[in-house]
Amino acid sequence: MSNFKNKTVLAKGVNKRGVWFKFLIYMVVVALVNIAGVTLFFRADLTANKIYSISDASKKVVSTLSEPLTIKVFFTKNLPAPHNNTERYLRDLLEEYAAKGGKVFNYKFYDVTATDAGVTEQTNINRDMAEDYGISPVQIRVIENDEVKFQQAYMGLVIIHGDMIEKIPAITSTDALEYTLTSAIQKLNNKVSALLALDEKIKITLYLSSSLENVAPLMGLDEISEMPKLIEKVVERLNIRSLDKVDYKYIDPNVGLNAGSNSTLDELSKKYNLMVMKWPQIPQKAIEAGSGVASIVMEYKDRVKTTNLISTINIPIIGTTYQMVDPASLEGLFTQTMETMIGINEDIGYLADYGTHTLMDTNLAMMQGQQQSSMRAFNHLISQRYSIQSINLKTDDIPSAVPISKSKPIPDGLKTLIIARPTEPFSDYELFLIDQALMRGTNIAFFIDTFNEIMSSQQFGFGGGPQFIPIDTGLERLLNHYGIKIDNSYILDDNCYKQQMPQNQGGGEQKIYFAPIIKDANINNTPAYMNNIKGIIAMKISPLELDEKQVEQNAIKATKLFSSSEKSWLMEGNINLNPMFIINPPSDSSKMKSYPLAYMLNGEFKSYFAGKPIPQKPTKSSDDKDNEKDEAKEAINENIDIDAPDKKGEIAESNTDDMKQKIVKENKDEIAKIEVENSIITKGKPAKIFVIACSAILQDNMLDPEGRSTNATFLLNIIDHLNDKDDIAAMRSKIQTLNPLEETSPIARTFIKVFNIAALPILVILFGFGVWAKRASRKKAIKLQFEK
């Protein structure tokens, strides 16, 4: 018995030592794993769209940094949800950038308290630093103790690359944050390279007449005399961040020979589109009659941007009031204009004639007699990544006395050309220019309308309403040849936008059938640039038809991007889009079906003009020539200095053209005998064509300036794809605000409801019975074993 006890005690001692030995081994393993994790760590992003990992485009941008880049983040600590999640996401994102950027990428968070509560000396220093960089607090909503309160918080950052600074003043959400950061870093990289490559300085000239100081007090503009000094300080700060590439000059038109005369001011006004102010004699204020200008002109080579310092506003009852531009906003304006002028971003062409939508401000377009079409949001979104170059196919028809700036025919090497809603017919020669641009590898995005909506004066009367006139520009022939036909009709869809009706009209919803909502089921998400596009809304869109035989013969790859729903039909012939007069066809009607609405074609296209002679270039009519002569006489009568270098060049060019035309006419028989080969590119380089029969998708009421809507994401992704930037498009599509549930049939929804309400509790009860039966069986088995 004693030996048995000793063996038991010995066994317990051995087991106890074994436990401690295992514990020590486990501790050593844990320590080694932690040591290995410090140097050999990895991240695993398990989200569907990899929203917590930076994309390949971001990795590429960061890895190409040659000089140190620093990001200073100014964030108020202890913010309530969801803003605390924004800070955490930003930290994780910057850590990902730092892991790929190495030593040249640095970031630091600064605690900035917007209120006096809990302020320390360091937070005061951080706040001053944030304000020096132009980061101001934003107002956020806070819910505490069932009360809604508002709080000031700093939520911005600055990116510093050498002497260059790019700021993101407000980061209020995580949406498209990686895209914003990567775009800003890439912009700084491009800006440094562009500034170093400049062969001349950017000129900023202030034209400010001293005569305005006499009438400025009457207009409430007492600070006008201080503007030269204020603008000089702004340019000094701009020069520090622009490698001293800006030259500033202040000119008073009232000083010097013939200064202040109407002829001098008129010349300046015509040359730079300056706003001239004229006033009569005001004896009671001892003010003499006079005139003056107050404008800033930025110039770089042939690019000119004019900003008027004084603006007029007509207010009812009060009358005309005058406002001076805020000097604090000029630095941002100068920076943006300079970036556009020196071409920091890649060029993209936009057809500016033939009645296309204008990209300029709506008010300015109306002043110049152009159609009113607001595309400010589209212009803003595209300009963030590309420099928009106006393409004017009518340039050669403009008289030489009229200066041309930035508008030019399609240049060689242009990556993409946008044609948005032309309404005027193209000549064969101009179609030839577009066709040959495609043959040279220029990608083209067509936003075509099939009808021109003309508002009637009897619109609100009986039988009134807009008229829809078919548009025939000639582009249809090109598109038919390339394999796409646009049907002269409008798509009406039962899956459409629903307008809330006012109570005085009965309330409820009114379906706007001509504004179809394209849902996920009808969107092709296979291409990378279409990934995660869950919904698109269009308006007044026409269906497309693919010529499969033509596409197959030319080895063109055609990709249908989206289509209407199965509950859509066509409105043809007499167009009337009044929802009150639209009747749905029967659901089993053959007219109810899905129609293709957007296509992307790519490949080596065959020229429309292959085997045909080169079209003749339209010549100027005798009326045009008479107009040129009248303009020349008018220029002489206005005492325009024909000895000026630019005028000399224009006149010399005009004379040279006349001589050339004369020689050609005299030798036309001999010239006709000359044979020219390879004058037409019959088969082009690889290129892409995007076609959608809807220009309304470009309008401000269909886009948001921030680019977060699915419509904006879709358009930007299309433009990026045409410019071979699919990685940027994929990065932009990672986070979408629209992520609808997959649609199910009524039977499936009923089954899911019944299953959740009744089947799940029954399954739980059955599972309980199963567990009870298993335990009872186990007890019975144990009992039988001991009875034996």
# chains A, B, ... in the order shown; residues from 1 in each chain; ligands from 1
>>> residues_around(residues="Glu743 in chain A", least_positions_apart="3", cutoff="10 Å", atoms="only C-alpha atoms", output="list in words")
Lys519, Asp520, Ala521, Pro740, Pro746, Ala748 and Arg749 of chain A
>>> write_last_selection(atoms="N, CA and C atoms", output="PDB file, in the first residue's frame")
ATOM      1  N   LYS A 519     -31.358  48.748 -63.951  1.00  0.00           N
ATOM      2  CA  LYS A 519     -31.023  48.021 -62.733  1.00  0.00           C
ATOM      3  C   LYS A 519     -29.882  47.034 -62.986  1.00  0.00           C
ATOM      4  N   ASP A 520     -29.392  46.482 -61.892  1.00  0.00           N
ATOM      5  CA  ASP A 520     -28.194  45.640 -61.931  1.00  0.00           C
ATOM      6  C   ASP A 520     -28.342  44.461 -62.894  1.00  0.00           C
ATOM      7  N   ALA A 521     -29.551  43.913 -62.988  1.00  0.00           N
ATOM      8  CA  ALA A 521     -29.764  42.744 -63.839  1.00  0.00           C
ATOM      9  C   ALA A 521     -29.542  43.054 -65.316  1.00  0.00           C
ATOM     10  N   PRO A 740     -28.137  48.016 -54.352  1.00  0.00           N
ATOM     11  CA  PRO A 740     -29.493  47.493 -54.110  1.00  0.00           C
ATOM     12  C   PRO A 740     -29.497  45.993 -53.905  1.00  0.00           C
ATOM     13  N   PRO A 746     -42.395  37.534 -56.451  1.00  0.00           N
ATOM     14  CA  PRO A 746     -43.323  37.528 -55.307  1.00  0.00           C
ATOM     15  C   PRO A 746     -43.406  36.166 -54.613  1.00  0.00           C
ATOM     16  N   ALA A 748     -41.009  33.914 -54.382  1.00  0.00           N
ATOM     17  CA  ALA A 748     -39.791  33.727 -53.588  1.00  0.00           C
ATOM     18  C   ALA A 748     -39.840  34.567 -52.318  1.00  0.00           C
ATOM     19  N   ARG A 749     -40.360  35.802 -52.417  1.00  0.00           N
ATOM     20  CA  ARG A 749     -40.457  36.654 -51.223  1.00  0.00           C
ATOM     21  C   ARG A 749     -41.419  36.052 -50.202  1.00  0.00           C
TER      22      ARG A 749
END
>>> residues_around(residues="Asp244 in chain A", least_positions_apart="2", cutoff="12 Å", atoms="only C-alpha atoms", output="list of chain:residue names")
A:Asp163, A:Met164, A:Val192, A:Leu195, A:Leu196, A:Leu198, A:Glu200, A:Lys201, A:Ile202, A:Lys203, A:Val235, A:Glu236, A:Arg237, A:Leu238, A:Asn239, A:Ile240, A:Arg241, A:Ser242, A:Val246, A:Asp247, A:Tyr248
>>> residues_around(residues="range 84-91 of chain A", least_positions_apart="2", cutoff="8 Å", atoms="only C-alpha atoms", output="list in words")
Tyr52, Phe75, Asn78, Leu79, Pro80, Ala81, Pro82, Leu93, Leu94, Glu95, Ile171, Thr172, Ser173 and Thr174 of chain A
>>> write_last_selection(atoms="N, CA, C and O atoms", output="compact mmCIF listing (two decimals), in the first residue's frame")
# COMPACT_ATOMS: atom_id res chain seq x y z
N TYR A 52 -10.48 47.93 -48.09
CA TYR A 52 -9.46 48.25 -47.09
C TYR A 52 -8.05 47.99 -47.60
O TYR A 52 -7.10 47.97 -46.82
N PHE A 75 -7.00 66.23 -37.70
CA PHE A 75 -8.27 65.60 -37.31
C PHE A 75 -8.53 65.87 -35.83
O PHE A 75 -7.63 65.75 -35.00
N ASN A 78 -11.54 62.02 -30.79
CA ASN A 78 -12.75 61.58 -30.07
C ASN A 78 -14.03 62.08 -30.73
O ASN A 78 -14.96 62.54 -30.05
N LEU A 79 -14.10 62.00 -32.04
CA LEU A 79 -15.30 62.38 -32.75
C LEU A 79 -16.34 61.27 -32.63
O LEU A 79 -16.00 60.09 -32.54
N PRO A 80 -17.61 61.61 -32.64
CA PRO A 80 -18.64 60.56 -32.56
C PRO A 80 -18.76 59.82 -33.87
O PRO A 80 -18.24 60.23 -34.91
N ALA A 81 -19.48 58.70 -33.83
CA ALA A 81 -19.75 57.93 -35.06
C ALA A 81 -20.63 58.76 -35.99
O ALA A 81 -21.48 59.54 -35.53
N PRO A 82 -20.47 58.65 -37.32
CA PRO A 82 -19.55 57.75 -38.02
C PRO A 82 -18.18 58.36 -38.32
O PRO A 82 -17.40 57.78 -39.04
N LEU A 93 -5.68 53.31 -44.37
CA LEU A 93 -5.36 53.56 -45.78
C LEU A 93 -3.95 54.14 -45.93
O LEU A 93 -3.16 53.70 -46.78
N LEU A 94 -3.61 55.10 -45.08
CA LEU A 94 -2.28 55.71 -45.15
C LEU A 94 -1.20 54.71 -44.77
O LEU A 94 -0.08 54.76 -45.28
N GLU A 95 -1.53 53.79 -43.88
CA GLU A 95 -0.57 52.75 -43.52
C GLU A 95 -0.29 51.83 -44.72
O GLU A 95 0.85 51.40 -44.93
N ILE A 171 -12.74 65.80 -45.18
CA ILE A 171 -12.92 64.36 -45.40
C ILE A 171 -14.04 63.92 -44.47
O ILE A 171 -13.82 63.52 -43.33
N THR A 172 -15.27 64.02 -44.96
CA THR A 172 -16.42 63.74 -44.11
C THR A 172 -16.95 62.32 -44.26
O THR A 172 -17.84 61.92 -43.53
N SER A 173 -16.41 61.57 -45.23
CA SER A 173 -16.83 60.18 -45.40
C SER A 173 -15.70 59.40 -46.05
O SER A 173 -14.73 59.98 -46.55
N THR A 174 -15.85 58.09 -46.06
CA THR A 174 -14.82 57.23 -46.66
C THR A 174 -15.06 56.98 -48.14
O THR A 174 -14.25 56.33 -48.79
>>> closest_residue(among="A:Ile583, A:Ile168, A:Met439, A:Ile536", to="Ser183 in chain A", atoms="only C-alpha atoms")
A:Ile168
>>> residues_around(residues="Ala184 in chain A", least_positions_apart="2", cutoff="12 Å", atoms="only C-alpha atoms", output="NGL selection string")
:A and (58 or 61-62 or 69 or 71 or 157-161 or 164-168 or 177-182 or 186-191 or 344-345 or 384-385)
>>> residues_around(residues="Met571 in chain A", least_positions_apart="4", cutoff="9 Å", atoms="only C-alpha atoms", output="list in words")
Ser489, Tyr490, Ile491, Leu492, Ile575, Asn576 and Leu577 of chain A
>>> residues_around(residues="Pro586 in chain A", least_positions_apart="3", cutoff="12 Å", atoms="only C-alpha atoms", output="list in words")
Asp494, Lys567, Ser568, Trp569, Ile583, Ser589, Ser590, Lys591, Met592 and Lys593 of chain A
>>> write_last_selection(atoms="all heavy atoms", output="CSV table (one decimal), in the first residue's frame")
chain,number,residue,atom,x,y,z
A,494,ASP,N,-41.3,50.7,-67.9
A,494,ASP,CA,-42.1,50.7,-66.7
A,494,ASP,C,-41.2,50.8,-65.5
A,494,ASP,O,-41.6,51.3,-64.4
A,494,ASP,CB,-42.9,49.4,-66.7
A,494,ASP,CG,-44.0,49.5,-65.6
A,494,ASP,OD1,-44.8,50.4,-65.7
A,494,ASP,OD2,-44.0,48.6,-64.7
A,567,LYS,N,-39.7,45.2,-69.5
A,567,LYS,CA,-41.0,46.0,-69.5
A,567,LYS,C,-40.8,47.3,-70.3
A,567,LYS,O,-41.5,48.3,-69.9
A,567,LYS,CB,-41.4,46.2,-68.1
A,567,LYS,CG,-41.7,44.9,-67.3
A,567,LYS,CD,-42.2,45.2,-65.9
A,567,LYS,CE,-42.5,44.0,-65.1
A,567,LYS,NZ,-43.0,44.3,-63.7
A,568,SER,N,-40.0,47.3,-71.3
A,568,SER,CA,-39.8,48.6,-72.0
A,568,SER,C,-40.4,48.4,-73.4
A,568,SER,O,-40.5,47.3,-74.0
A,568,SER,CB,-38.3,48.9,-72.1
A,568,SER,OG,-37.6,47.9,-72.7
A,569,TRP,N,-40.7,49.6,-74.0
A,569,TRP,CA,-41.3,49.6,-75.4
A,569,TRP,C,-40.8,50.9,-76.0
A,569,TRP,O,-40.1,51.7,-75.4
A,569,TRP,CB,-42.8,49.5,-75.4
A,569,TRP,CG,-43.5,50.6,-74.8
A,569,TRP,CD1,-44.1,51.6,-75.5
A,569,TRP,CD2,-43.7,50.9,-73.4
A,569,TRP,NE1,-44.7,52.5,-74.6
A,569,TRP,CE2,-44.5,52.1,-73.3
A,569,TRP,CE3,-43.4,50.2,-72.2
A,569,TRP,CZ2,-44.9,52.6,-72.1
A,569,TRP,CZ3,-43.8,50.8,-71.0
A,569,TRP,CH2,-44.5,52.0,-71.0
A,583,ILE,N,-49.7,55.3,-72.7
A,583,ILE,CA,-50.4,54.1,-72.3
A,583,ILE,C,-49.5,52.9,-72.4
A,583,ILE,O,-48.9,52.7,-73.5
A,583,ILE,CB,-51.7,53.9,-73.2
A,583,ILE,CG1,-52.6,55.1,-73.1
A,583,ILE,CG2,-52.4,52.6,-72.8
A,583,ILE,CD1,-53.8,55.1,-74.0
A,589,SER,N,-47.4,41.7,-74.8
A,589,SER,CA,-47.2,42.3,-76.2
A,589,SER,C,-45.8,42.0,-76.6
A,589,SER,O,-44.8,42.0,-75.9
A,589,SER,CB,-47.6,43.8,-76.2
A,589,SER,OG,-47.2,44.3,-77.4
A,590,SER,N,-45.7,41.8,-78.0
A,590,SER,CA,-44.4,41.6,-78.6
A,590,SER,C,-43.5,42.9,-78.5
A,590,SER,O,-42.3,42.9,-78.7
A,590,SER,CB,-44.5,41.2,-80.0
A,590,SER,OG,-45.2,42.1,-80.8
A,591,LYS,N,-44.2,44.1,-78.3
A,591,LYS,CA,-43.5,45.3,-78.2
A,591,LYS,C,-42.7,45.5,-76.9
A,591,LYS,O,-41.8,46.3,-76.8
A,591,LYS,CB,-44.4,46.5,-78.4
A,591,LYS,CG,-45.1,46.5,-79.7
A,591,LYS,CD,-46.1,47.7,-79.8
A,591,LYS,CE,-46.7,47.8,-81.2
A,591,LYS,NZ,-47.7,49.0,-81.2
A,592,MET,N,-43.1,44.7,-75.9
A,592,MET,CA,-42.5,44.7,-74.6
A,592,MET,C,-41.3,43.8,-74.6
A,592,MET,O,-41.4,42.6,-74.6
A,592,MET,CB,-43.4,44.3,-73.5
A,592,MET,CG,-44.4,45.3,-73.0
A,592,MET,SD,-43.7,46.4,-71.7
A,592,MET,CE,-45.1,47.1,-71.0
A,593,LYS,N,-40.1,44.4,-74.6
A,593,LYS,CA,-38.9,43.7,-74.5
A,593,LYS,C,-37.7,44.5,-74.2
A,593,LYS,O,-37.8,45.8,-74.1
A,593,LYS,CB,-38.6,43.0,-75.9
A,593,LYS,CG,-38.4,44.0,-77.0
A,593,LYS,CD,-38.0,43.2,-78.3
A,593,LYS,CE,-37.7,44.2,-79.5
A,593,LYS,NZ,-37.4,43.4,-80.7
>>> residues_around(residues="range 291-304 of chain A", least_positions_apart="6", cutoff="8 Å", atoms="only C-alpha atoms", output="count of residues only")
31
>>> closest_residue(among="A:Asn452, A:Ser66, A:Gln510, A:Ser225", to="Gly355 in chain A", atoms="only C-alpha atoms")
A:Asn452
>>> closest_residue(among="A:Ala693, A:Ile718, A:Gly349, A:Ile537", to="Ile486 in chain A", atoms="only C-alpha atoms")
A:Ala693
>>> select_by_dssp(residues="range 458-578 of chain A", states="alpha helix (DSSP H)", output="MDAnalysis selection string")
chainID A and resid 475:482 548:553
>>> atom_distance(atom1="CA of Gly535 in chain A", atom2="CA of Ile747 in chain A")
24.4 Å
